[in-house]
Amino acid sequence: MADEEQGPRVRVEVVQALAEVVATVLPQLLARVPPGPAAVVGRLGAAAPPPGSLLGAARPRQVPPGHMRSVAARRQGHGGSAVLAALRALGVPVAERLLGALELAVDDLRLPPVPGLPELRLPRQVSFDVRAGTGDPDGAAVRAVQRLDRALPDASATVSTLLAVLARHPAIAPLLAVTEVEPAATEAAIAAGHGAAHLALGVAVAAAVLPTAALAPLIAGPPVIIGTGLGAAAVYLASAPMPPGYAEALLARRRSEYRLPRSCAGSVQVRGHRFGLFEGLFPAGVDVDAPFSANGLVAVVPGGVVIRTGQADGSVRIRLRVLAEPPPPESPRPQDWSLRDWDEVVEVSWHADVGSASVVSPDGTPAEAALREQMPPWPGDHRLRVAARGRDDANRSESYELWVWPAPPAPELVRRRTDQLGHRLRGEPEPPAPPEGHLRWIYASMLQEAATITVVANADRDDVVRAFGGDPGHRRSLVSLIDLPDRDGWMAALALPEAGVVVVAEDNGFTGSHPEVMRALSRLGPAASMFWNVNAVTRLTLARDGDIVAADELTESYPAGPEVASYLTGIDLTSWRNRIAKGLLVVERFTGYALRPGDLDRLWTDDLAHRIGDR
């Protein structure tokens, strides 16, 4: 009883007498417990599948192992017992379904008194919140146990303690055993039998212990007995072992319900430049770089594979695709998947000894639920394609795609090798950095989602503000606009006399991409603007001497006349990746100024903002 909610110590002869009384009513209560909610209660001690996984979506609400105790711990000192916390965690539908099923049976119980049970006396005066009925969000069972806790603070602990004692008593334990453990038994049947038996025990103990005749009318009756019994059973089952055969039945269920293909996405914590795909925990002793010298990205080790990341610690985004057959080298539709969109792509073979592998972190931190146990729940040989991008970008989040399909062992294959980290790990000369590399910090800035950056050379700041329709005499900071309902329609202008330019930033705005504005600005000096939004739409505009030189979406079809072509030299417009940085590079080449992080800091915090159209 050391790990149960603390209750009074009871003499052996009293426990024996209570066991005899409970044993007489246990079968009739057990017969009234419906299997659906009983299975929810019965699974409390199981290694529950993650939320959002196949089993998690296929069954009623389930509380993960240990959750009852953690909830109970949070409730202590806040007017609630561990029994009440466990009852709440199960949810109102489960509690109310069981209350309806057992209410008449509890009403018909006639238990003889058990001499020597701890005496529970009501205080002289108890007041209650009488809110109840169909509009009560907690449900009748929860409200009844709440009142019991207020009137008799030790009552639910007594029931919980005695349930734990009786569950191991020789007269009761055989009655709790799940007999349907043959190979044909289903996971649901075993869980329901396990939950129903302990729920019936909890209700029987509550009926014997709680002196309902002496309780106030608002406490007495089936709701308090069933609610207390259910909560006490939930507390006990959260750490009780599952019946024999349950693990095998659960595996059989997972295998029967597993379907391909499947695609999921989430994130995982990186530690020591690594994360992995494993059937268990990340193995200890995997060196940071040595296993990756062959291909620069993936190492096959016992139990799974390790992927080498660029960042040492942090979080990376992952998409996992599990297929029934090999994917094409590239998608027939380039917008779906293309080698050009990734820096490194490597394929390796590995063998699953058990199945149900998960994306895991080296420190034991689980990945997001969607990335757990998505691999087939059976052993076999697999082929894994790992695609990585962003490993060289210190200011930008990395991302990965993992493709898995059944295949016999085959040599590893490096399908794409373009990032600098991969070359270093393979011992190869590093390729030159892309020309827009120095501008990728924009993806970690406050304007990463949607903005327009405009640069005007050889211009006066006040004239630039007026060209945007702003009043140079009225200023404030962009950061001060965050909580305003009308924060759209503002621009901030920063004069940089040493560079001979004015830099304009619009947070989630696009006035700088309007042709009439760019024509007006270009009469002040060469002007260029780069617009982007959360839908990956971009627009790069170049203007000089009152004329638009070029303006369009920044793709490989961007209008590149003789003059514009020189500004696009060396920039890969065939890929959608890093288009914002590529556009800012063209702005830099056209105006002669490279945007710096410090510029955005000043544009965001200094009093440089004006409402567009205020003139």
# chains A, B, ... in the order shown; residues from 1 in each chain; ligands from 1
>>> closest_atom_pairs(of="range 538-585 of chain A", to="range 335-347 of chain A", cutoff="8 Å", atoms="only C-alpha atoms", output="Markdown table")
| residue | atom | partner | partner_atom | distance |
| --- | --- | --- | --- | --- |
| A:Ser575 | CA | A:Asp341 | CA | 6.2 |
| A:Trp576 | CA | A:Asp341 | CA | 7.4 |
| A:Arg577 | CA | A:Asp341 | CA | 6.5 |
>>> write_last_selection(atoms="C-alpha atoms", output="mmCIF file, in the first residue's frame")
data_model
loop_
_atom_site.group_PDB
_atom_site.id
_atom_site.type_symbol
_atom_site.label_atom_id
_atom_site.label_comp_id
_atom_site.auth_asym_id
_atom_site.auth_seq_id
_atom_site.Cartn_x
_atom_site.Cartn_y
_atom_site.Cartn_z
ATOM 1 C CA SER A 575 14.171 25.694 -57.334
ATOM 2 C CA TRP A 576 11.638 27.334 -55.009
ATOM 3 C CA ARG A 577 14.100 27.133 -52.130
#
>>> select_by_dssp(residues="range 404-522 of chain A", states="helix (DSSP H, G or I)", output="ChimeraX atom specification")
/A:420-426,437-444,461-467,479-481,511-513,515-522
>>> select_by_dssp(residues="range 319-425 of chain A", states="strand (DSSP E)", output="JSON, numbers by chain")
{"A": [319, 320, 321, 322, 344, 345, 346, 347, 348, 349, 350, 351, 352, 358, 359, 360, 380, 381, 382, 383, 384, 385, 386, 387, 388, 389, 399, 400, 401, 402, 403, 404, 405, 406, 413, 414, 415, 416, 417]}
>>> write_last_selection(atoms="C-alpha atoms", output="PDB file, in the first residue's frame")
ATOM      1  CA  ARG A 319       8.129  14.258 -42.719  1.00  0.00           C
ATOM      2  CA  LEU A 320       7.956  10.456 -42.599  1.00  0.00           C
ATOM      3  CA  ARG A 321       6.465   8.512 -45.506  1.00  0.00           C
ATOM      4  CA  VAL A 322       5.986   4.734 -45.180  1.00  0.00           C
ATOM      5  CA  GLU A 344      21.605  15.740 -49.608  1.00  0.00           C
ATOM      6  CA  VAL A 345      19.696  12.559 -50.515  1.00  0.00           C
ATOM      7  CA  VAL A 346      20.945   9.126 -49.422  1.00  0.00           C
ATOM      8  CA  GLU A 347      19.366   5.659 -49.566  1.00  0.00           C
ATOM      9  CA  VAL A 348      20.383   2.803 -47.224  1.00  0.00           C
ATOM     10  CA  SER A 349      19.046  -0.627 -46.229  1.00  0.00           C
ATOM     11  CA  TRP A 350      18.276  -1.736 -42.670  1.00  0.00           C
ATOM     12  CA  HIS A 351      16.539  -4.621 -40.934  1.00  0.00           C
ATOM     13  CA  ALA A 352      13.783  -4.250 -38.334  1.00  0.00           C
ATOM     14  CA  SER A 358       9.858   5.614 -34.053  1.00  0.00           C
ATOM     15  CA  VAL A 359      11.766   8.819 -34.690  1.00  0.00           C
ATOM     16  CA  VAL A 360      13.737   9.365 -31.464  1.00  0.00           C
ATOM     17  CA  GLY A 380      11.557  -7.224 -42.041  1.00  0.00           C
ATOM     18  CA  ASP A 381      14.051  -5.634 -44.416  1.00  0.00           C
ATOM     19  CA  HIS A 382      13.505  -2.000 -45.367  1.00  0.00           C
ATOM     20  CA  ARG A 383      14.961   0.605 -47.669  1.00  0.00           C
ATOM     21  CA  LEU A 384      15.279   4.125 -46.296  1.00  0.00           C
ATOM     22  CA  ARG A 385      15.688   7.334 -48.275  1.00  0.00           C
ATOM     23  CA  VAL A 386      16.800  10.350 -46.225  1.00  0.00           C
ATOM     24  CA  ALA A 387      16.557  13.814 -47.772  1.00  0.00           C
ATOM     25  CA  ALA A 388      18.027  16.799 -45.907  1.00  0.00           C
ATOM     26  CA  ARG A 389      18.184  20.518 -46.456  1.00  0.00           C
ATOM     27  CA  SER A 399      14.156  19.879 -42.441  1.00  0.00           C
ATOM     28  CA  TYR A 400      14.208  16.218 -43.401  1.00  0.00           C
ATOM     29  CA  GLU A 401      12.108  13.682 -45.277  1.00  0.00           C
ATOM     30  CA  LEU A 402      12.326   9.962 -44.512  1.00  0.00           C
ATOM     31  CA  TRP A 403      10.910   7.521 -47.078  1.00  0.00           C
ATOM     32  CA  VAL A 404      10.664   3.866 -46.022  1.00  0.00           C
ATOM     33  CA  TRP A 405       9.487   0.837 -48.011  1.00  0.00           C
ATOM     34  CA  PRO A 406      10.047  -2.955 -47.859  1.00  0.00           C
ATOM     35  CA  LEU A 413      23.264   5.085 -52.719  1.00  0.00           C
ATOM     36  CA  VAL A 414      24.065   8.805 -52.568  1.00  0.00           C
ATOM     37  CA  ARG A 415      21.547  10.424 -54.899  1.00  0.00           C
ATOM     38  CA  ARG A 416      22.437  14.059 -54.200  1.00  0.00           C
ATOM     39  CA  ARG A 417      25.427  15.674 -52.478  1.00  0.00           C
TER      40      ARG A 417
END
>>> residues_around(residues="Gly304 in chain A", least_positions_apart="2", cutoff="10 Å", atoms="only C-alpha atoms", output="short mmCIF file (atom, residue, chain, number, x, y, z; two decimals) with C-alpha atoms, in the first residue's frame")
data_model
loop_
_atom_site.label_atom_id
_atom_site.label_comp_id
_atom_site.auth_asym_id
_atom_site.auth_seq_id
_atom_site.Cartn_x
_atom_site.Cartn_y
_atom_site.Cartn_z
CA GLY A 276 17.41 8.51 -35.30
CA LEU A 277 14.80 6.00 -36.40
CA PHE A 278 14.79 3.13 -33.89
CA GLU A 279 12.65 0.32 -32.53
CA GLY A 280 13.64 1.31 -28.99
CA LEU A 281 15.67 4.04 -27.36
CA PHE A 282 18.53 5.76 -29.12
CA PRO A 283 21.63 3.59 -28.52
CA ALA A 299 24.56 5.59 -40.52
CA VAL A 300 22.97 2.15 -40.09
CA VAL A 301 23.54 0.79 -36.57
CA PRO A 302 22.02 -2.09 -34.59
CA VAL A 306 21.19 7.61 -37.14
CA SER A 349 19.05 -0.63 -46.23
CA TRP A 350 18.28 -1.74 -42.67
CA HIS A 351 16.54 -4.62 -40.93
CA ALA A 352 13.78 -4.25 -38.33
CA ASP A 353 14.01 -6.97 -35.69
CA ALA A 357 10.12 1.96 -35.08
CA SER A 358 9.86 5.61 -34.05
CA VAL A 359 11.77 8.82 -34.69
#
>>> atom_distance(atom1="CA of Val94 in chain A", atom2="CA of Ala234 in chain A")
11.7 Å
>>> residues_around(residues="His423 in chain A", least_positions_apart="5", cutoff="12 Å", atoms="only C-alpha atoms", output="number ranges by chain")
A: 292-297, 343-344, 391-392, 414, 416-418, 428-432
>>> closest_residue(among="A:Leu524, A:Ala141, A:Val268, A:Leu484", to="Arg461 in chain A", atoms="only C-alpha atoms")
A:Leu524
>>> residues_around(residues="Ile548 in chain A", least_positions_apart="4", cutoff="8 Å", atoms="only C-alpha atoms", output="ChimeraX atom specification")
/A:515,518-519,541-544
>>> write_last_selection(atoms="N, CA and C atoms", output="PDB file, in the first residue's frame")
ATOM      1  N   PRO A 515       3.462  49.144 -58.855  1.00  0.00           N
ATOM      2  CA  PRO A 515       4.223  49.799 -59.930  1.00  0.00           C
ATOM      3  C   PRO A 515       4.272  51.314 -59.788  1.00  0.00           C
ATOM      4  N   MET A 518       6.775  52.247 -57.102  1.00  0.00           N
ATOM      5  CA  MET A 518       8.148  52.001 -57.535  1.00  0.00           C
ATOM      6  C   MET A 518       8.596  53.014 -58.605  1.00  0.00           C
ATOM      7  N   ARG A 519       7.677  53.452 -59.463  1.00  0.00           N
ATOM      8  CA  ARG A 519       8.046  54.477 -60.445  1.00  0.00           C
ATOM      9  C   ARG A 519       8.405  55.775 -59.741  1.00  0.00           C
ATOM     10  N   THR A 541      10.655  43.520 -57.899  1.00  0.00           N
ATOM     11  CA  THR A 541      10.442  44.670 -58.781  1.00  0.00           C
ATOM     12  C   THR A 541      11.709  45.519 -58.825  1.00  0.00           C
ATOM     13  N   LEU A 542      12.148  45.851 -60.033  1.00  0.00           N
ATOM     14  CA  LEU A 542      13.312  46.695 -60.244  1.00  0.00           C
ATOM     15  C   LEU A 542      12.871  47.910 -61.060  1.00  0.00           C
ATOM     16  N   ALA A 543      13.278  49.127 -60.623  1.00  0.00           N
ATOM     17  CA  ALA A 543      12.846  50.338 -61.321  1.00  0.00           C
ATOM     18  C   ALA A 543      13.983  51.358 -61.352  1.00  0.00           C
ATOM     19  N   ARG A 544      14.015  52.139 -62.443  1.00  0.00           N
ATOM     20  CA  ARG A 544      15.035  53.184 -62.579  1.00  0.00           C
ATOM     21  C   ARG A 544      14.472  54.316 -63.442  1.00  0.00           C
TER      22      ARG A 544
END
>>> closest_residue(among="A:Ala520, A:Leu540, A:Ala457, A:Leu152", to="Gly80 in chain A", atoms="only C-alpha atoms")
A:Leu152
